[in-house]
Amino acid sequence: MSAVEEVSHQNGANQISDVVVRFAGDSGDGMQLTGSNFTEATAIYGNDLATFPDFPAEIRAPAGATFGVSAFQIYFGSEDVSTAGDDVDVLVAMNPAALITNLKDVLVGGLLIIDSDAFTDKNMARAGYSSNPIEDGSLDAYRVIPIAVTKQVLESVKPFGLSHKFAVRCKNMWTLGLVMWLFDRDRSITTDNLKQKFANKPEIADANIAALNAGHAYAETAELPTGVEVYRVPRAVAAPGLYRNITGSESLAYGLIAGGQLADLPITFASYPITPASSLLHTLSGQKQFNVVTFQAEDEIAAVCAAIGASFSGSLGITSSSGPGISLKAEAISLASATELPLVVVNTQRGGPSTGLPTKTEQSDLNQSLFGRHGDTMLPVISCSTSVDCFDVAIEAVRIATRFMTPVILLSDGYMANASEPWLLPDINDYEPFPAKFETNPEGFAPANRDPETLARVWAKPGTPGLEHRIGGIEKDFDSGDISYDSDNHQRMTDLRKDKIEGIANYIPEQEVSQGNPKGKLAVVGWGSTYGAIHQAVKRCRQEGLDVSHIHVRYMNPLPRNLGELLAGYDQVLMPEMNTGQFINIIRAKYLIDAKALNKVSGQPFKIKEVEAAIRSLLES
Amino acid sequence: MNAPVQKLTAKDYSSDQEVRWCPGCGDYAILKTIQKLMPELDVQKENQVFVSGIGCSSRFPYYMNTYGFHTIHGRAPSFATGVKLSNPELDVWVVTGDGDGLSIGGNHMIHVLRRNVDLQILLFNNEIYGLTKGQYSPTSKVGTKSPSTPDGSVDMPLRPCVFALGAGAKFVARTIDTEAKHLAPVLGRAHDHKGASFVEIYQNCPVYNDGIFDQIKDKKTAADTRLVLEHGKPLTFGVEDSKGLRLNAKTLLLETVTIGENGVTIDDVVVHDETNKVLAQMLAGLKLPEFPEPIGVLYCEPTAPSYTDDVYQQRIVVREKQGPADINDLLRGGHTWTVS
């Protein structure tokens, strides 16, 4: 495993500091399950880690097709890990399509674990191989371990009497067992998971466990080529405390529940299925023990409308979707702005336009979030930067929505929604509650009454005696809240809505520098899930003494009040974004700074080296 | 819900807003009837909520001194669903029109009915778009001349009650704007029904579609043009109930018969059973000039479970099973490990 040793900063015999493993196979091969089990075992082993599940939009693409390849990448190590890694050290390829589509990311000298049984003439032709790559020398630059996995699996699950179809499906667990041996992972969690998953089909659970153990045993009984031995990746140095592994969509769901509790409000979560946002609906619908009602609406519009209706009657309405679905919700979001009701709109962004790349990531809905509505509808927009960060950002979205009586757009993306990382679990008691206030006093009540400081309208919920009132989309009189077509009043109300949103800047933290100095030659300014790649790139450059700092913006609108001044302290500003340059236009327009763009819209997150190269190029020029 | 502490009157349900419908609009009559009905219902004023979409009818909530939400075009059923999900104790009325409820909002209407959300849905059907100045609507008769169909409309209209029954509504009724004595008890029935109650109200638009229901409303012709439905009573109409509807066993269709002619007796006439969906579907499709148009409760299935009740029932079951919920426990669920 020379390449791994070479690139992974070997710390002694068979000890490496970090490694990137990618499992790739057909979309029906169970690669995501394999990856998530390996991740759990790795987290519990004590490595820092980050994952990148990368799968096609097709649920079960035709077997062996290159467009149907599903992959799961994990980067783990003994040091601070914040991305899923650039280059692959170990590739597990379940068929020719998985090999041909993933080989370009594997380091020269990397380890290829290949199911040779899947390299049939038909599969190879389908993937585009004219000869068998295992035999024709085209893989000479790598360490190749071809194993007749299918044969081994069928042998190992024979005692369970499964049909051929079900027996072959245990392939992924066999391979997982082998890779677990390679990195000295504990199989007991996977065993528990399998027992739980197949609680009603014990023979399937037993067969999968047998395959897992057989893969492990195969590696252990020295049937692997010489030189391939157990590699030890020392535990990462992490802050003491209790940890778990979490994906962005889980931590976002938990954050919304926590936000509801801190606001002392029931939650009505209304959503319509859409990739990659649906997992939020799935997670929340299983949390009925909290004050959460979920509603799978007939469409995106019904979902946002139901959420707003719920807010009107005294719950916190939340809706969730991805780009195209958010477009459909635009009219209703403007109504929530006009009627000044709290609403959280979660956008788990994906590649666009239109259906675009449903399972791939992008940050291209910032413009839509800021501007994608009729009329002068300004809204607060906040963004999550990592899977763990989703928890705090969700709480913050609830705080802003309820404190300022406004819809809030929360931007996540497909990458962090699915990616997982270890989470030092917070204690909810450490969070400051922000209980929502409901008007109850009929004396002097008008639905247009507002807090003179925050400009938030009163919240008077149906069921409160003496506060019967009407709200709606027609412009309202500044004082009474009754409908008004008066021109001066419309000017005043438009100004009010603008002032209210801009004023939120006084209630959010100032922008901090996440790494580096508050002044200098270069600031790399990011937002959203580019955090990990920028963090590592800046770290590596700073280790070499380069004068570069990292600023990561959570509050996209209104922007932190010190941001302009802060950015003016750097000679240059670099803005990596997974879009064609949306945030950079805001920064350039607002602060008249000649920021430089680094854009990527391939559906894949930034690699560390891509950001690093841009930093070097700016500092060297 | 508790009975009102003091007896309110129609005036208590009238807001301070100036009513802005055109003079002679059928909406005035409906508003008045509903304001009079409200104190009769066993619901406190603060628990009444009117939700509407966009259009002339959707201005309704502004004139009711209850809680009200004038929302966006076609989506009132969705907002109302959210209101009800958030607080099932509220008594929620949806006010919509033929364009709002069946055209731009047709999809939501289907789903609110099939889900059986506990709401009263009042569809003011004037067979025209009023607020946008008179374009034909999805219920306009073929041949309706309008600014967008100067040579007459060519597309087939929807029958709202047929639509509602097709979507699985458990309570479907039809009534008339200016006939308070029919309108009020039908709305009372709709209110008492648990689940989504759908009421089509024939409503005259004096500006853009004046007189389309005159044949049914005119006292001179009404006996022959309307069929007043009463549960358990034979489906008779005409002067002195001289006519009736009989089921033709060969065609499985309703046919008009005259009692006393060709040996037809009252026993041959179908007796209205509002729990019979097949009959309701046949009645909903009847239209002039071949048949009188039925008014009253076409269909009522009182035992159907309401969506909102079921949602809360699930929650109660989970809460009883899982005990008190704690966020810290939720976060610490699954596999955890300690770094010391």
# chains A, B, ... in the order shown; residues from 1 in each chain; ligands from 1
>>> closest_atom_pairs(of="chain A", to="chain B", cutoff="7 Å", atoms="only C-alpha atoms", output="CSV")
residue,atom,partner,partner_atom,distance
A:Ile44,CA,B:Trp337,CA,6.0
A:Ala238,CA,B:Val339,CA,6.9
A:Pro240,CA,B:Val339,CA,4.7
A:Gly241,CA,B:Val339,CA,5.3
A:Leu242,CA,B:Thr338,CA,4.4
A:Tyr243,CA,B:Trp337,CA,5.2
A:Arg244,CA,B:Thr336,CA,4.5
A:Ala258,CA,B:Ile327,CA,6.6
A:Thr268,CA,B:Ser86,CA,6.4
A:Lys288,CA,B:Arg315,CA,5.6
A:Gln289,CA,B:Arg319,CA,4.8
A:Phe290,CA,B:Ala325,CA,5.8
A:Glu298,CA,B:His111,CA,6.7
A:Ala302,CA,B:Ser78,CA,5.1
A:Cys305,CA,B:Phe79,CA,4.9
A:Ala306,CA,B:Gly82,CA,3.9
A:Ala307,CA,B:Gly82,CA,5.8
A:Ile308,CA,B:Phe79,CA,6.6
A:Gly309,CA,B:Phe79,CA,4.3
A:Ala310,CA,B:Gly82,CA,4.4
A:Phe312,CA,B:Val83,CA,6.9
A:Ser313,CA,B:Val83,CA,5.5
A:Ser315,CA,B:Ser86,CA,5.9
A:Leu425,CA,B:Leu331,CA,7.0
A:Asp427,CA,B:Asn328,CA,6.3
A:Ile428,CA,B:Asn328,CA,6.2
A:Pro462,CA,B:Tyr67,CA,6.0
A:Gly463,CA,B:Asn47,CA,4.6
A:Thr464,CA,B:Glu46,CA,5.8
A:Pro465,CA,B:Glu46,CA,5.1
A:Glu468,CA,B:Tyr67,CA,4.7
A:His469,CA,B:Tyr67,CA,5.0
A:Arg470,CA,B:Gly68,CA,4.3
A:Ile471,CA,B:Phe69,CA,5.1
A:Gly472,CA,B:His70,CA,4.3
A:Gly473,CA,B:Thr71,CA,6.1
>>> residues_around(residues="Pro56 (chain A)", least_positions_apart="6", cutoff="9 Å", atoms="only C-alpha atoms", output="PDB file with N, CA and C atoms, in the first residue's frame")
ATOM      1  N   SER A  27     -26.351   1.042  -8.409  1.00  0.00           N
ATOM      2  CA  SER A  27     -27.221   1.737  -7.446  1.00  0.00           C
ATOM      3  C   SER A  27     -28.002   0.749  -6.593  1.00  0.00           C
ATOM      4  N   PHE A  67     -24.016   5.201 -15.738  1.00  0.00           N
ATOM      5  CA  PHE A  67     -24.800   6.286 -15.134  1.00  0.00           C
ATOM      6  C   PHE A  67     -25.510   5.829 -13.857  1.00  0.00           C
ATOM      7  N   GLY A  68     -25.467   4.534 -13.599  1.00  0.00           N
ATOM      8  CA  GLY A  68     -26.134   4.042 -12.397  1.00  0.00           C
ATOM      9  C   GLY A  68     -25.173   3.785 -11.244  1.00  0.00           C
ATOM     10  N   VAL A  69     -23.920   4.231 -11.373  1.00  0.00           N
ATOM     11  CA  VAL A  69     -22.946   3.934 -10.324  1.00  0.00           C
ATOM     12  C   VAL A  69     -23.209   4.801  -9.095  1.00  0.00           C
ATOM     13  N   SER A  70     -23.263   4.141  -7.960  1.00  0.00           N
ATOM     14  CA  SER A  70     -23.501   4.800  -6.688  1.00  0.00           C
ATOM     15  C   SER A  70     -22.229   4.668  -5.859  1.00  0.00           C
ATOM     16  N   ALA A  71     -21.806   5.778  -5.253  1.00  0.00           N
ATOM     17  CA  ALA A  71     -20.546   5.723  -4.508  1.00  0.00           C
ATOM     18  C   ALA A  71     -20.701   6.360  -3.135  1.00  0.00           C
ATOM     19  N   LEU A 357     -29.705  18.455 -11.545  1.00  0.00           N
ATOM     20  CA  LEU A 357     -29.035  17.278 -10.981  1.00  0.00           C
ATOM     21  C   LEU A 357     -29.609  17.036  -9.585  1.00  0.00           C
ATOM     22  N   PRO A 358     -30.700  16.266  -9.508  1.00  0.00           N
ATOM     23  CA  PRO A 358     -31.412  16.159  -8.219  1.00  0.00           C
ATOM     24  C   PRO A 358     -30.576  15.610  -7.082  1.00  0.00           C
ATOM     25  N   THR A 359     -29.621  14.733  -7.388  1.00  0.00           N
ATOM     26  CA  THR A 359     -28.871  14.116  -6.288  1.00  0.00           C
ATOM     27  C   THR A 359     -27.497  14.748  -6.106  1.00  0.00           C
ATOM     28  N   LYS A 360     -27.215  15.787  -6.877  1.00  0.00           N
ATOM     29  CA  LYS A 360     -25.885  16.408  -6.777  1.00  0.00           C
ATOM     30  C   LYS A 360     -26.003  17.784  -6.136  1.00  0.00           C
TER      31      LYS A 360
END
>>> residues_around(residues="Arg114 (chain B)", least_positions_apart="5", cutoff="8 Å", atoms="only C-alpha atoms", output="PyMOL selection string")
chain B and resi 167-169
>>> write_last_selection(atoms="C-alpha atoms", output="compact mmCIF listing (two decimals), in the first residue's frame")
# COMPACT_ATOMS: atom_id res chain seq x y z
CA ALA B 167 -62.82 13.53 -4.84
CA GLY B 168 -64.34 11.52 -1.99
CA ALA B 169 -66.18 14.25 -0.08
>>> closest_residue(among="A:Leu281, A:Leu455, A:Leu99, A:Leu563", to="Phe269 (chain A)", atoms="only C-alpha atoms")
A:Leu281
>>> residues_around(residues="region 520-529 of chain A", least_positions_apart="2", cutoff="6 Å", atoms="only C-alpha atoms", output="list in words")
Ser383, Cys384, Ser385, Thr386, Tyr531, Asp547, Val548, Ser549, His550, Ile551, His552, Val553, Tyr570, Asp571, Gln572, Val573, Leu574 and Met575 of chain A
>>> closest_atom_pairs(of="region 118-150 of chain A", to="region 80-91 of chain A", cutoff="12 Å", atoms="only C-alpha atoms", output="JSON lines")
{"residue": "A:Tyr142", "atom": "CA", "partner": "A:Asp89", "partner_atom": "CA", "distance": 10.0}
{"residue": "A:Arg143", "atom": "CA", "partner": "A:Val90", "partner_atom": "CA", "distance": 9.5}
{"residue": "A:Val144", "atom": "CA", "partner": "A:Leu91", "partner_atom": "CA", "distance": 9.7}
{"residue": "A:Ile145", "atom": "CA", "partner": "A:Leu91", "partner_atom": "CA", "distance": 10.3}
{"residue": "A:Pro146", "atom": "CA", "partner": "A:Leu91", "partner_atom": "CA", "distance": 11.8}
>>> write_last_selection(atoms="N, CA and C atoms", output="PDB file, in the first residue's frame")
ATOM      1  N   TYR A 142      -1.557   0.816 -10.194  1.00  0.00           N
ATOM      2  CA  TYR A 142      -2.244   0.668  -8.903  1.00  0.00           C
ATOM      3  C   TYR A 142      -1.942  -0.687  -8.297  1.00  0.00           C
ATOM      4  N   ARG A 143      -2.255  -0.832  -7.040  1.00  0.00           N
ATOM      5  CA  ARG A 143      -2.186  -2.156  -6.413  1.00  0.00           C
ATOM      6  C   ARG A 143      -3.569  -2.771  -6.526  1.00  0.00           C
ATOM      7  N   VAL A 144      -3.679  -3.819  -7.289  1.00  0.00           N
ATOM      8  CA  VAL A 144      -4.988  -4.392  -7.591  1.00  0.00           C
ATOM      9  C   VAL A 144      -5.206  -5.684  -6.812  1.00  0.00           C
ATOM     10  N   ILE A 145      -6.339  -5.768  -6.140  1.00  0.00           N
ATOM     11  CA  ILE A 145      -6.694  -7.024  -5.477  1.00  0.00           C
ATOM     12  C   ILE A 145      -7.993  -7.535  -6.100  1.00  0.00           C
ATOM     13  N   PRO A 146      -7.896  -8.361  -7.113  1.00  0.00           N
ATOM     14  CA  PRO A 146      -9.126  -8.920  -7.675  1.00  0.00           C
ATOM     15  C   PRO A 146      -9.567 -10.114  -6.830  1.00  0.00           C
TER      16      PRO A 146
END
>>> residues_around(residues="Val237 (chain A)", least_positions_apart="6", cutoff="9 Å", atoms="only C-alpha atoms", output="PDB file with N, CA and C atoms, in the first residue's frame")
ATOM      1  N   GLY A  46     -12.845   6.255  16.717  1.00  0.00           N
ATOM      2  CA  GLY A  46     -12.262   7.476  17.265  1.00  0.00           C
ATOM      3  C   GLY A  46     -11.510   8.322  16.251  1.00  0.00           C
ATOM      4  N   ASN A  47     -11.679   8.024  14.971  1.00  0.00           N
ATOM      5  CA  ASN A  47     -11.075   8.905  13.963  1.00  0.00           C
ATOM      6  C   ASN A  47     -11.997  10.086  13.687  1.00  0.00           C
ATOM      7  N   ASP A  48     -11.382  11.192  13.313  1.00  0.00           N
ATOM      8  CA  ASP A  48     -12.216  12.273  12.780  1.00  0.00           C
ATOM      9  C   ASP A  48     -12.566  11.857  11.356  1.00  0.00           C
ATOM     10  N   SER A  78      -6.445  10.930  11.852  1.00  0.00           N
ATOM     11  CA  SER A  78      -6.125  11.229  13.241  1.00  0.00           C
ATOM     12  C   SER A  78      -6.038  12.726  13.455  1.00  0.00           C
ATOM     13  N   GLU A  79      -6.214  13.508  12.373  1.00  0.00           N
ATOM     14  CA  GLU A  79      -6.198  14.958  12.532  1.00  0.00           C
ATOM     15  C   GLU A  79      -7.543  15.530  12.102  1.00  0.00           C
ATOM     16  N   ASP A  80      -7.630  16.847  12.219  1.00  0.00           N
ATOM     17  CA  ASP A  80      -8.824  17.589  11.849  1.00  0.00           C
ATOM     18  C   ASP A  80      -9.249  17.284  10.398  1.00  0.00           C
TER      19      ASP A  80
ATOM     20  N   VAL B 339     -15.132  10.664  24.299  1.00  0.00           N
ATOM     21  CA  VAL B 339     -13.708  10.997  24.221  1.00  0.00           C
ATOM     22  C   VAL B 339     -13.347  11.593  25.568  1.00  0.00           C
TER      23      VAL B 339
END
>>> residues_around(residues="Ala284 (chain B)", least_positions_apart="2", cutoff="8 Å", atoms="only C-alpha atoms", output="PyMOL selection string")
chain B and resi 159+161-162+280-282+286+294+298
>>> select_by_dssp(residues="region 34-69 of chain B", states="helix (DSSP H, G or I)", output="MDAnalysis selection string")
chainID B and resid 34:40 45:47 57:63
>>> write_last_selection(atoms="C-alpha atoms", output="tab-separated table (two decimals), in the first residue's frame")
chain	number	residue	atom	x	y	z
B	34	ILE	CA	-73.99	33.54	7.87
B	35	GLN	CA	-73.78	36.47	10.30
B	36	LYS	CA	-77.23	35.47	11.56
B	37	LEU	CA	-76.33	31.79	11.72
B	38	MET	CA	-73.13	32.23	13.72
B	39	PRO	CA	-74.74	32.99	17.11
B	40	GLU	CA	-76.86	29.87	16.68
B	45	LYS	CA	-66.65	33.72	18.41
B	46	GLU	CA	-62.92	33.65	19.06
B	47	ASN	CA	-62.79	30.06	17.83
B	57	SER	CA	-66.20	35.67	-2.67
B	58	SER	CA	-62.80	35.60	-0.98
B	59	ARG	CA	-63.28	39.11	0.40
B	60	PHE	CA	-65.78	37.48	2.75
B	61	PRO	CA	-63.53	37.17	5.85
B	62	TYR	CA	-62.97	40.95	5.98
B	63	TYR	CA	-66.65	41.43	6.76
>>> select_by_dssp(residues="region 174-277 of chain B", states="strand (DSSP E or B)", output="JSON, numbers by chain")
{"B": [174, 175, 176, 197, 198, 199, 200, 201, 202, 205, 209, 226, 227, 228, 234, 236, 237, 243, 244, 245, 246, 247, 248, 253, 254, 255, 256, 257, 258, 271]}
>>> atom_distance(atom1="CA of Lys219 (chain B)", atom2="CA of Leu253 (chain B)")
28.2 Å
>>> residues_around(residues="Ser130 (chain A)", least_positions_apart="4", cutoff="9 Å", atoms="only C-alpha atoms", output="list in words")
Asp121, Met124 and Ala125 of chain A
